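Undergrad: Have a look at this one.
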There are 2 protein chains.
Amino acid sequence: MRLRPTAFLLCLLLAPALRAEDGYRLWLRYDRVSNDLLRAAYVAALPRVDLAVPSGHTNPVTTAARDELREGLAQLLGGEVPVRVVRQDDPGLLPPPEGYRILTAAKAPLRIVANEDAGILYGAFALLRALEMQRPAGELSALSAPRIQRRLLDHWDNLDGTVERGYAGRSLWNWFTLPDYLDPRYRDYARACASVGINGAVLTNVNADPLALTAPYLAKAAALAGVFRAYGVRVYLTARFSAPIELGGLKTADPLDPGVIRWWNAKADEIYHLIPDFGGLLVKANSEGQPGPQDYGRTHADGANLLAEAVGRHGGIVMWRAFVYRAGASDDRTKQAYEEFKPLDGKFRDNVLLQIKNGPLDFQPREPFHPLFGAMPRTPLALEVQLTQEYLGGSIYLAYLAPLYKEVLDADTFRPTAGSTVAQVVDGTLDHHRLSAMAGVANVGADRDWTGHPLAAANWYAFGRLAWDPGLGSDAIADEWIRQTFGNQPEVVTTLSALLLGSREVVVDSMMPLGLHHIMARDHHYGPGPWVDGGRADWTAVYYHRASTEGVGFDRTATGSNALAQYSPEVARAWGDLATCPDGLLLWFHHLPWDYPMHSGRSLWAEVCTRYQRGVDGVRTEKRQWESLRNMVDPERWAHVEALLQREERDAAFWRDSCILYFQQFSKRPIPPGVERPAHPLDYYEAVQLHDVPGSPDSR
Amino acid sequence: MRLRPTAFLLCLLLAPALRAEDGYRLWLRYDRVSNDLLRAAYVAALPRVDLAVPSGHTNPVTTAARDELREGLAQLLGGEVPVRVVRQDDPGLLPPPEGYRILTAAKAPLRIVANEDAGILYGAFALLRALEMQRPAGELSALSAPRIQRRLLDHWDNLDGTVERGYAGRSLWNWFTLPDYLDPRYRDYARACASVGINGAVLTNVNADPLALTAPYLAKAAALAGVFRAYGVRVYLTARFSAPIELGGLKTADPLDPGVIRWWNAKADEIYHLIPDFGGLLVKANSEGQPGPQDYGRTHADGANLLAEAVGRHGGIVMWRAFVYRAGASDDRTKQAYEEFKPLDGKFRDNVLLQIKNGPLDFQPREPFHPLFGAMPRTPLALEVQLTQEYLGGSIYLAYLAPLYKEVLDADTFRPTAGSTVAQVVDGTLDHHRLSAMAGVANVGADRDWTGHPLAAANWYAFGRLAWDPGLGSDAIADEWIRQTFGNQPEVVTTLSALLLGSREVVVDSMMPLGLHHIMARDHHYGPGPWVDGGRADWTAVYYHRASTEGVGFDRTATGSNALAQYSPEVARAWGDLATCPDGLLLWFHHLPWDYPMHSGRSLWAEVCTRYQRGVDGVRTEKRQWESLRNMVDPERWAHVEALLQREERDAAFWRDSCILYFQQFSKRPIPPGVERPAHPLDYYEAVQLHDVPGSPDSR
C-alpha cells in the first residue's frame, strides 16, 4: 500500500492526540523520514531488500530481521518495501562471524549479507539506523563485525521482582506469570538489545538465589530464552555456589567433592535440556557474604572449573567475578582482587572468563582502570561496567556514561608494551584468546520508558555499541542515539549532544571530584555521606578519604598502601608522580595537605570547593540547555527530564554544601569566593535520612 | 478542523502498526464512532456543549471537564465540537450535590448542568460514555446524582513501592521522585476515577507507616493532591496510631493524654496547611499487630474521636476500620468485630465512619454480609470491599466482582424491618446519616494496563459505578465497561458479558464452594491449603473447615459458635435452617455429615467434588468463550487473557485435586463419577511451595 502524502500528514497531525510519548519505543521509532527528497532517494535505493545467508533458509532469526525491516521501512518510507531471505552463493562476500555487509547497486535490491543468521539481524538494524539518522541514500553500503564475542547485560534482578541497584521500577521479568504469559515487552527488550548488538542476558542477580536453578524457574527462564532466541539473545543465569547444599541436600559444596561434581553436571544437563543454547553461568563467590570455594579451602579456580566442566560439555561458559574482598584482609580494599586472582592466571579451564569491574573499587564516578587488566595474559578477561547508576544518582541524575566506558577501554595498561589498551585485553586480540566478553549491569526495569530517566536509555545504547566496537567515539554514539530517539533537527542534536557529553563530568564534580571516592551515604548510595564511619572499615567513607587537619586523600603510593605497584611501571610512575597524576585521580592515589598547590593555581582546599560548585553550575547549564529544547521535544519527555534536572540541581547543592562543611572541619579554611555558602550547618545535612530509596535494602 | 473520512480511515488502518494495544487507556478510549449515520446524528445533536454551573467560572475542575470533552468528542466524532463554561441561571434545573443534568434540545447546544464543579466533570464523562456506548443520539438527556457521598479507593501501598496484596506491579505512587516529577499516569489515574465517580483516594497502606505523616511525605502527598484536585479526587492518608511516639518523641499514644491530643491537632494543622481539601484519615488499630487505643485501656471510640477532633476542625473525617480480632479472644473469629463495636454505637464523633468489610471474616470468595450492618443505627457505616483479588487468584484469575458487591449491597438486614438492605445502611438513608462512604481496596499498580489482568479493570469500573449508584445491575455495568473497553460489536458484547457475569461463581466453585472458607495457602493466599494447621489457630484452614470423619463445616448455629445470633432473627432463622440456608453459605454456618443429602440429590461429599469439577469446567467454558473472540479483540489483550485463562485452568485443577484428596481422607468415600481423577497423590500437592508470590511477604 502506498499512501498519499495528505493522508499521511493528517495521520501525523493526529498522532499526538492518539498517543502521548511514553518512551517505550526507545531508539526504535521509525518515524517517517520528513525530508521528501531524501525519502524519495531512499525509496529509489531500496526497491527491494534481500537478506542473504549461505543456507538461504528462513528461520526465526531471519524472520525477525525480515519483519523488523518490513515494518520499519513501511513506517520510515510510507510504503511497503519487499524483503525476502535468499541464498548467499559467493563466499568471498561473507563478513566475519556475526558481522554483516550491506551492498547497494543501482536499480538492484539492497543486499544484506551475513555468514550467520544473527548477522542478518544486525545488518537489518544497521540499515534502519542509517535511515533513522537520515544518512545519504548513496552511503548505505557497510561492512561491520563485532570485536567482542559476548556482549551481555547483567540483570541484578531478584526473583521477588525487586532489582538490586535498579532505579526503573520492578524487574522486567514477571516470574510469577512466567512461563505462561509472555509479556510483549520481553520481545521488545530483545529487539532493543539486538539493535545494538547485545547478544546475551544474565537474567538473575549475582547475589544469587538458588531457587533460580530449580525446575519451575528454569522453565520460566526457558520461556524467556524462547522469546529472545529470534533476536540472537542467549540466556545466562547466576549460580549460587552452595546450591548443591540448598537444592541438592548435599552436606558440602566443595568443588572437589565427587557428589558436588555430579550434582552440577546433572544440573547443567537439566538446564541444557530446557535451553539448548543456554549461554552459561555468572558467579559471585566468596564476596560480600556469598558462598564460594574458599569455604572449603579451595581456590577460585577450583570453583570456576567445577562449573565450567559442567556447562562446558554443552558449549557453555562460566563468568567468574573478580569482585572479591574481605574485611581487613588488606591495608587497602582496592588491592585485594589483584592479590587474589593474579596468582591464578593460567589455572582456569578454557571456557572460563574472569569478569572484572572497570575499576578496582566499585563503580565510583571515576576510578582508575582495574590493575588486573594486562596482568593475567593467560586468562580471558571480561570487562564489567555499570549502566545502572548505583553511585551516580540512580535515575534522578543525568549521566551519559559512554565517556566513562571509553576511559577504561582506551586506558593503556603498558602490559606488555605501550599501546596495550584495556580494549585489546578485553577483545582478546592482545593475548589471542578464543573467548571475549563485555558485560553491562543493566539499567532497565518495568518502568514504561525502560530506564526511569528518559535519557538513561542512552547508556543501554552506548554499552551495546561499544561492546560491538570499543573504537567508536562517545560523541558518535551520542549522535546516533539522539537522532534515533529525538529526531534529526540540528538544534536538538547539537544541544542534546553537548548536554550528554558533559554530563558525566558534572556528576563527578558534584559528588566526588579530584579522585575522592566512596563518600556516599550508607546502604542506598544516593546522597553524600563523607561522615560515614563505624562498622566495617572498608564500608565507611572515612576509610577512603582519610581527611584530617593534615590533609585529604588515600595514599596509594609506596609511602602508603602502594596499590600503584599493581600497575605497570609506566602507569605507576605517571600516577605516582604529582606532576603527571591527572587531577581526576589525585586523591585516589595521594594524600595531600589542604594548601597543596594545584595546577589551577588554587590550593587543594579551594579546588575541592570550586569543583563542588562547578558540579552545581554544571547542572544549571544542563537545565538551560534542556530549557532551550522545550518546544523541540515532545512535552511528556521534556517535562520528565526537566523535573529530574530540577531535583538534580537541588541534590547537587546538597552534596556541595554537606561535603564542603564536612571537610571544612579539617581544612579549617574559609569557603573561597565564587562558591555559594551552605544554607544550613553541617549537622542539618548529616541528619537528613532518605527512606525507601529505590534499589537498596531499606535503610531504616 | 474537520477531517475527510478517507484521511481518517487511513489513520485507523495505520493505527495498529503505530501502537500495539497495551491497555493503558482503560475504558476511556474514545475510538471514532464507526457507524456513519450515528456519528452524523451525534454531530447534529452536539453543535456545541455548554457546561453550566451557578458561578459560570472556569476553574481547574471545569477546565478538566472541558478539555476531556473537547478531546474525547474530537476523537469520537472526527471533528471539533466547541465546549464552553457558562453561568447556570435557573436554579430549578440544578441537580443534587455532585450530580449532573444533561439537557438536549433541537438545534441548541447540549447543556450539562451542575450545582458543583464536580458535577460538570461527572456529566462530561457520562456524555462521553453514552457516545462510546453508541446510545441513540436522541437519548442523551440524563439526570444523575451519587447515592453515596465518599466513593473511595483504598491503596494498600507501602512507601517502599510495594503494594500489600497488590498484583499489578509496583505502587502507582513513585514516592522517591515525588514531589518533583508528576508522572502523567497520576493524572490518568484521577481521570479514570472521575469517569466512574470515585472522589477520593487513600494513598497509603492501612498497615500504616508513620513516615507517611512526616513533612517530606506530606509534600509528596500534596503533589498528588494537586494533580487529583482537578478531577474531584481528594487525598486521604492512613494514620499509625502510635505516630505521636514514633514521630513526636512522646512517651505514649494514649488518646486521652493532653500531649497526644496536642500532637495530633498540630499534625492535622500541618496536613491541612499543605492540603486544604485533605479528605481525612483511615485507621487500622488494635488489629493484626497494629497499635491502637486498647494498648492504653481505651476504646476504639476514644481512639477514633481523638483523630476526628484533630481533622474535624478542618472538615476532615476519620474512617475507623472494624476489622479487628485477637487470637483466642472468641470461639469464632467472625464474631469479634460485632462484639467489639456494637456496644460503641453512638459513642463516635459525628465525623467518624466505621468502615466494615463486606463479610465478617476477610474477603473470602463468598461470605455472608457483615452482621454489623444494621446493628449500629447511630453510627454511619462505610462498606469496604476488595477490588484486588487477595483470595480470588490475584491477577491470574478472571473474576468480575460486581455480583459479589451486589450480593452484600442487596442483602436484607431485616433491621429494623424487612427491606432494610445493606445499601440503605451504607448510603445513610436508613438511619438518616449526614456521612456515607464506600471504599474499595484498589487493584491498580504501575503495570501498564493498570490491573495486571486485562479484564480486572472491570472491577475498578464496577466499584465506582456501584458506589455512585448501588442500584445498578452487574449486567448493566458489565455492558457499559465492555462497550467502552472492547467496542460495540454485538458478539463481543454478548460473549464477554456472559464470561464476566459467570466468572465470580467459577472462582467460588474452583476454590471454596458451598460456604467453605479460609482454606487457602498460608501467607500468599494464592493456592489451596486445606491442610494448613499449626501456629495461631484462626490463621489456619482446619480452624474453619473442621473436617473430620464425622463431616465438614463450621457450626455457627446455636449448637456451635452461634455467630448467627449476631444477625436479625429473620436472617438467623433463614440461614440457620438447613431447608432455607442457601448452598453457597451451607458450610459457613453448618457442620454436616459427608452423606448429608443436598438439594441436588447428591451427598454432601459428592457435591463438594462436583463443585470443584464445576469450577474447572467453568474455566474451560471461559476459555472457549474467549477463544471465540480471537479475531474480534486486538491480539495483545487477547493473548494476555488467553495465557491467564490457561494458567487459571491448570491452577483450578490443582485446587480441585488437592482439596478433594485432602477431604477424602475424612470422607473416606470414592470420587464420584464425572469428576476427574487427581494426577498425583495428596502429598504431591502439599509439597508444592510457591515462592515470591506478588503482594505477599516472602513465604520462604
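Naming works like this for the C-alpha cells: A, B, ... for the chains as they're shown, residue 1 at the start of each chain, ligands 1 onward in shown order.
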Please identify every residue of chain B that has at least one atom no more than 7 Å from any atom of chain A, counting only C-alpha atoms, and report them as a list in words.

TA: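 Taken together, these residues fit the definition: Ala7, Leu10, Cys11, Leu159, Asp160, Arg170, Phe176, Asp180, Tyr181, His640, Ala643, Leu644, Arg647, Asp692 and Val693 of chain B.
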
Undergrad: Where does DSSP see strand (DSSP E or B) in stretch 273-521 of chain B, if you list the residues as a list of chain:residue names?

TA: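 Strand (DSSP E or B) assignments inside stretch 273-521 of chain B correspond to B:Gly280, B:Leu281, B:Leu282, B:Val283, B:Ile317, B:Val318, B:Met319, B:Trp320, B:Arg321, B:Val352, B:Leu353, B:Leu354, B:Gln355, B:Ile356, B:Lys357, B:Leu381, B:Ala382, B:Leu383, B:Glu384, B:Val385, B:Gln386, B:Asp412, B:Thr421, B:Ala437, B:Met438, B:Ala439, B:Gly440, B:Val441, B:Met520.
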
Undergrad: Based on the selection just made, write N, CA and C atoms of those residues as an mmCIF file, in the first residue's frame.

TA:
```cif
data_model
loop_
_atom_site.group_PDB
_atom_site.id
_atom_site.type_symbol
_atom_site.label_atom_id
_atom_site.label_comp_id
_atom_site.auth_asym_id
_atom_site.auth_seq_id
_atom_site.Cartn_x
_atom_site.Cartn_y
_atom_site.Cartn_z
ATOM 1 N N GLY B 280 -9.212 13.084 54.917
ATOM 2 C CA GLY B 280 -9.250 12.563 56.275
ATOM 3 C C GLY B 280 -8.343 11.356 56.433
ATOM 4 N N LEU B 281 -8.522 10.671 57.559
ATOM 5 C CA LEU B 281 -7.625 9.587 57.940
ATOM 6 C C LEU B 281 -8.360 8.255 57.991
ATOM 7 N N LEU B 282 -7.699 7.232 57.528
ATOM 8 C CA LEU B 282 -8.198 5.858 57.629
ATOM 9 C C LEU B 282 -7.306 5.137 58.630
ATOM 10 N N VAL B 283 -7.907 4.415 59.562
ATOM 11 C CA VAL B 283 -7.121 3.827 60.644
ATOM 12 C C VAL B 283 -7.454 2.352 60.853
ATOM 13 N N ILE B 317 -12.606 13.830 57.914
ATOM 14 C CA ILE B 317 -13.296 12.719 58.558
ATOM 15 C C ILE B 317 -12.289 11.643 58.972
ATOM 16 N N VAL B 318 -12.767 10.748 59.820
ATOM 17 C CA VAL B 318 -11.984 9.569 60.174
ATOM 18 C C VAL B 318 -12.766 8.329 59.780
ATOM 19 N N MET B 319 -12.090 7.429 59.097
ATOM 20 C CA MET B 319 -12.681 6.124 58.804
ATOM 21 C C MET B 319 -11.951 5.110 59.677
ATOM 22 N N TRP B 320 -12.693 4.574 60.621
ATOM 23 C CA TRP B 320 -12.093 3.648 61.596
ATOM 24 C C TRP B 320 -12.499 2.247 61.211
ATOM 25 N N ARG B 321 -11.506 1.405 61.006
ATOM 26 C CA ARG B 321 -11.840 0.067 60.497
ATOM 27 C C ARG B 321 -12.326 -0.874 61.588
ATOM 28 N N VAL B 352 -16.925 10.605 62.236
ATOM 29 C CA VAL B 352 -16.307 9.281 62.185
ATOM 30 C C VAL B 352 -17.233 8.329 61.434
ATOM 31 N N LEU B 353 -16.649 7.585 60.520
ATOM 32 C CA LEU B 353 -17.354 6.461 59.900
ATOM 33 C C LEU B 353 -16.679 5.184 60.367
ATOM 34 N N LEU B 354 -17.480 4.170 60.648
ATOM 35 C CA LEU B 354 -16.912 2.870 60.931
ATOM 36 C C LEU B 354 -16.858 2.103 59.614
ATOM 37 N N GLN B 355 -15.684 1.661 59.251
ATOM 38 C CA GLN B 355 -15.515 1.022 57.936
ATOM 39 C C GLN B 355 -15.481 -0.488 58.088
ATOM 40 N N ILE B 356 -16.435 -1.142 57.461
ATOM 41 C CA ILE B 356 -16.698 -2.563 57.700
ATOM 42 C C ILE B 356 -16.555 -3.342 56.407
ATOM 43 N N LYS B 357 -15.789 -4.435 56.465
ATOM 44 C CA LYS B 357 -15.654 -5.288 55.279
ATOM 45 C C LYS B 357 -16.997 -5.920 54.932
ATOM 46 N N LEU B 381 -21.959 3.805 58.732
ATOM 47 C CA LEU B 381 -21.142 2.633 58.439
ATOM 48 C C LEU B 381 -20.707 2.652 56.976
ATOM 49 N N ALA B 382 -19.418 2.601 56.783
ATOM 50 C CA ALA B 382 -18.880 2.533 55.419
ATOM 51 C C ALA B 382 -18.657 1.080 55.044
ATOM 52 N N LEU B 383 -18.929 0.771 53.809
ATOM 53 C CA LEU B 383 -18.691 -0.587 53.309
ATOM 54 C C LEU B 383 -17.322 -0.651 52.637
ATOM 55 N N GLU B 384 -16.527 -1.648 53.047
ATOM 56 C CA GLU B 384 -15.223 -1.862 52.407
ATOM 57 C C GLU B 384 -15.254 -3.161 51.620
ATOM 58 N N VAL B 385 -14.992 -3.073 50.336
ATOM 59 C CA VAL B 385 -14.872 -4.275 49.514
ATOM 60 C C VAL B 385 -13.475 -4.308 48.918
ATOM 61 N N GLN B 386 -13.114 -5.474 48.404
ATOM 62 C CA GLN B 386 -11.784 -5.605 47.816
ATOM 63 C C GLN B 386 -11.912 -5.705 46.302
ATOM 64 N N ASP B 412 -30.600 -8.137 52.668
ATOM 65 C CA ASP B 412 -31.607 -7.557 53.562
ATOM 66 C C ASP B 412 -31.193 -7.835 55.006
ATOM 67 N N THR B 421 -31.883 -2.900 53.357
ATOM 68 C CA THR B 421 -30.702 -3.506 52.748
ATOM 69 C C THR B 421 -29.414 -2.878 53.261
ATOM 70 N N ALA B 437 -20.185 6.467 52.962
ATOM 71 C CA ALA B 437 -18.942 6.138 52.252
ATOM 72 C C ALA B 437 -18.920 4.680 51.831
ATOM 73 N N MET B 438 -18.258 4.444 50.726
ATOM 74 C CA MET B 438 -17.959 3.084 50.290
ATOM 75 C C MET B 438 -16.519 3.087 49.805
ATOM 76 N N ALA B 439 -15.757 2.093 50.264
ATOM 77 C CA ALA B 439 -14.330 2.032 49.950
ATOM 78 C C ALA B 439 -14.009 0.729 49.244
ATOM 79 N N GLY B 440 -13.179 0.821 48.256
ATOM 80 C CA GLY B 440 -12.712 -0.372 47.555
ATOM 81 C C GLY B 440 -11.203 -0.463 47.657
ATOM 82 N N VAL B 441 -10.700 -1.606 48.095
ATOM 83 C CA VAL B 441 -9.249 -1.779 48.143
ATOM 84 C C VAL B 441 -8.764 -1.936 46.709
ATOM 85 N N MET B 520 -7.120 -21.440 52.036
ATOM 86 C CA MET B 520 -6.070 -21.135 51.058
ATOM 87 C C MET B 520 -4.694 -21.332 51.706
#
```

Undergrad: Taking into account only C-alpha atoms, which residue in the set B:His545, B:Arg187, B:Arg262, B:Lys107 is nearest to B:Arg229?

TA: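 Of all the options, B:Arg187 lies closest to B:Arg229.
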
Undergrad: Give me the residues near B:Pro210 as a PDB file with C-alpha atoms, in the first residue's frame, where near means some atom within 10 Å (using only C-alpha atoms) and where sequence neighbours in that chain fewer than 5 positions away do not count.

TA:
```
ATOM      1  CA  TYR B 217       5.999  12.640  52.634  1.00  0.00           C
ATOM      2  CA  THR B 238      -3.694   6.211  56.818  1.00  0.00           C
ATOM      3  CA  ALA B 239      -2.595   7.031  60.347  1.00  0.00           C
ATOM      4  CA  ARG B 240      -0.487   4.803  62.537  1.00  0.00           C
ATOM      5  CA  PHE B 241      -1.920   5.199  65.982  1.00  0.00           C
ATOM      6  CA  SER B 242       1.472   5.262  67.653  1.00  0.00           C
ATOM      7  CA  ALA B 243       2.783   8.075  65.441  1.00  0.00           C
ATOM      8  CA  PRO B 244       2.994  10.507  68.406  1.00  0.00           C
ATOM      9  CA  ILE B 245       5.623   8.197  69.866  1.00  0.00           C
ATOM     10  CA  GLU B 246       7.467   7.374  66.654  1.00  0.00           C
ATOM     11  CA  LEU B 247       7.426  10.836  65.132  1.00  0.00           C
TER      12      LEU B 247
END
```

Undergrad: Of the candidates B:Ala266, B:Ala64, B:Ile477, B:Leu143, which shows the shortest atom-to-atom distance to B:Ala190, using only C-alpha atoms?

TA: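 The answer is B:Ala64, which sits nearest to B:Ala190.
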
Undergrad: Skipping near chain neighbours, those fewer than 2 positions away, what residues fall within 10 Å of B:Ala498 using only C-alpha atoms, listed as a ChimeraX atom specification?

TA: /B:475,478-479,492-496,500-503,622,625

Undergrad: As JSON, numbers by chain, please: all residues of stretch 321-569 of chain B that backbone DSSP puts in alpha helix (DSSP H).

TA: {"B": [336, 337, 338, 339, 340, 341, 402, 403, 404, 405, 406, 407, 408, 409, 422, 423, 424, 425, 426, 457, 458, 459, 460, 461, 462, 463, 464, 465, 466, 467, 468, 474, 475, 476, 477, 478, 479, 480, 481, 482, 483, 484, 485, 486, 490, 491, 492, 493, 494, 495, 496, 497, 498, 499, 500, 501, 502, 503, 504, 505, 506, 507, 508, 509, 510, 511, 542, 543, 544, 545, 569]}

Undergrad: Can you write just those residues out, C-alpha atoms, as a compact mmCIF listing (two decimals), in the first residue's frame?

TA:
```txt
# COMPACT_ATOMS: atom_id res chain seq x y z
CA GLN B 336 -15.29 -10.40 67.20
CA ALA B 337 -15.92 -7.19 65.27
CA TYR B 338 -19.56 -7.26 66.26
CA GLU B 339 -18.74 -7.95 69.89
CA GLU B 340 -16.20 -5.14 69.91
CA PHE B 341 -18.07 -2.42 68.09
CA ALA B 402 -19.83 -6.65 40.69
CA PRO B 403 -22.00 -9.68 41.59
CA LEU B 404 -20.07 -10.03 44.86
CA TYR B 405 -20.53 -6.34 45.68
CA LYS B 406 -24.18 -6.54 44.74
CA GLU B 407 -24.66 -9.60 46.93
CA VAL B 408 -23.78 -7.59 50.01
CA LEU B 409 -25.38 -4.30 48.90
CA VAL B 422 -27.03 -3.04 53.37
CA ALA B 423 -27.08 -0.46 50.58
CA GLN B 424 -29.57 1.59 52.58
CA VAL B 425 -27.42 1.29 55.68
CA VAL B 426 -24.36 2.39 53.74
CA ALA B 457 -10.13 -3.14 35.24
CA ALA B 458 -13.82 -4.04 35.10
CA ASN B 459 -13.73 -4.20 38.89
CA TRP B 460 -12.32 -0.70 39.21
CA TYR B 461 -15.06 0.43 36.88
CA ALA B 462 -17.81 -1.53 38.64
CA PHE B 463 -16.77 -0.34 42.07
CA GLY B 464 -17.04 3.29 41.04
CA ARG B 465 -20.37 2.82 39.35
CA LEU B 466 -21.85 0.94 42.31
CA ALA B 467 -20.56 3.45 44.82
CA TRP B 468 -22.32 6.08 42.72
CA SER B 474 -23.99 -6.16 37.49
CA ASP B 475 -25.06 -6.88 33.93
CA ALA B 476 -25.65 -3.24 33.04
CA ILE B 477 -22.26 -2.29 34.43
CA ALA B 478 -20.57 -5.10 32.55
CA ASP B 479 -22.29 -3.95 29.38
CA GLU B 480 -21.03 -0.40 29.90
CA TRP B 481 -17.50 -1.50 30.59
CA ILE B 482 -17.28 -3.91 27.68
CA ARG B 483 -18.61 -1.47 25.13
CA GLN B 484 -16.16 1.20 26.20
CA THR B 485 -13.22 -1.16 26.58
CA PHE B 486 -13.68 -3.57 23.67
CA PRO B 490 -22.61 -7.49 19.35
CA GLU B 491 -20.77 -10.79 19.51
CA VAL B 492 -18.05 -9.27 21.66
CA VAL B 493 -20.55 -7.65 24.00
CA THR B 494 -22.68 -10.78 24.38
CA THR B 495 -19.84 -13.23 24.82
CA LEU B 496 -17.74 -11.09 27.09
CA SER B 497 -20.74 -10.20 29.19
CA ALA B 498 -21.54 -13.87 29.75
CA LEU B 499 -17.92 -14.53 30.53
CA LEU B 500 -17.70 -11.74 33.09
CA LEU B 501 -21.01 -12.36 34.78
CA GLY B 502 -20.29 -16.04 35.33
CA SER B 503 -16.72 -15.62 36.46
CA ARG B 504 -17.21 -15.00 40.16
CA GLU B 505 -19.14 -18.24 40.65
CA VAL B 506 -16.42 -20.07 38.76
CA VAL B 507 -13.91 -18.73 41.26
CA VAL B 508 -16.10 -19.75 44.21
CA ASP B 509 -16.57 -23.24 42.80
CA SER B 510 -12.95 -23.72 41.95
CA MET B 511 -11.65 -22.56 45.34
CA VAL B 542 -8.50 -26.51 59.86
CA TYR B 543 -9.98 -23.93 62.24
CA TYR B 544 -12.50 -23.03 59.56
CA HIS B 545 -13.37 -26.23 57.69
CA PRO B 569 -33.91 -13.10 63.88
```

Undergrad: In Å to one decimal, how far is atom CA of B:Tyr100 from atom CA of B:Ala124?

TA: 8.9 Å

Undergrad: Quick check, in Å to one decimal: how far apart do atom CA of B:Pro97 and atom CA of B:Ala223 lie?

TA: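 So the answer is 26.6 Å.
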
Undergrad: Under the rule that only C-alpha atoms are counted, which of A:Arg366, A:Lys342, A:Arg624, A:His314 is the nearest residue to A:His518?

TA: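 So, comparing all the options, the nearest one is A:Arg366.
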
Undergrad: When you draw a straight line from atom CA of B:Pro360 to atom CA of B:Ala208, how long is it in Å?

TA: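 Here the two named atoms are 22.2 Å from each other.
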
Undergrad: Between B:Arg135, B:Lys668, B:His433, B:Arg415, which residue has the minimum interatomic distance to B:Glu570, considering only C-alpha atoms?

TA: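 That would be B:Arg415, the residue with the smallest distance to B:Glu570.
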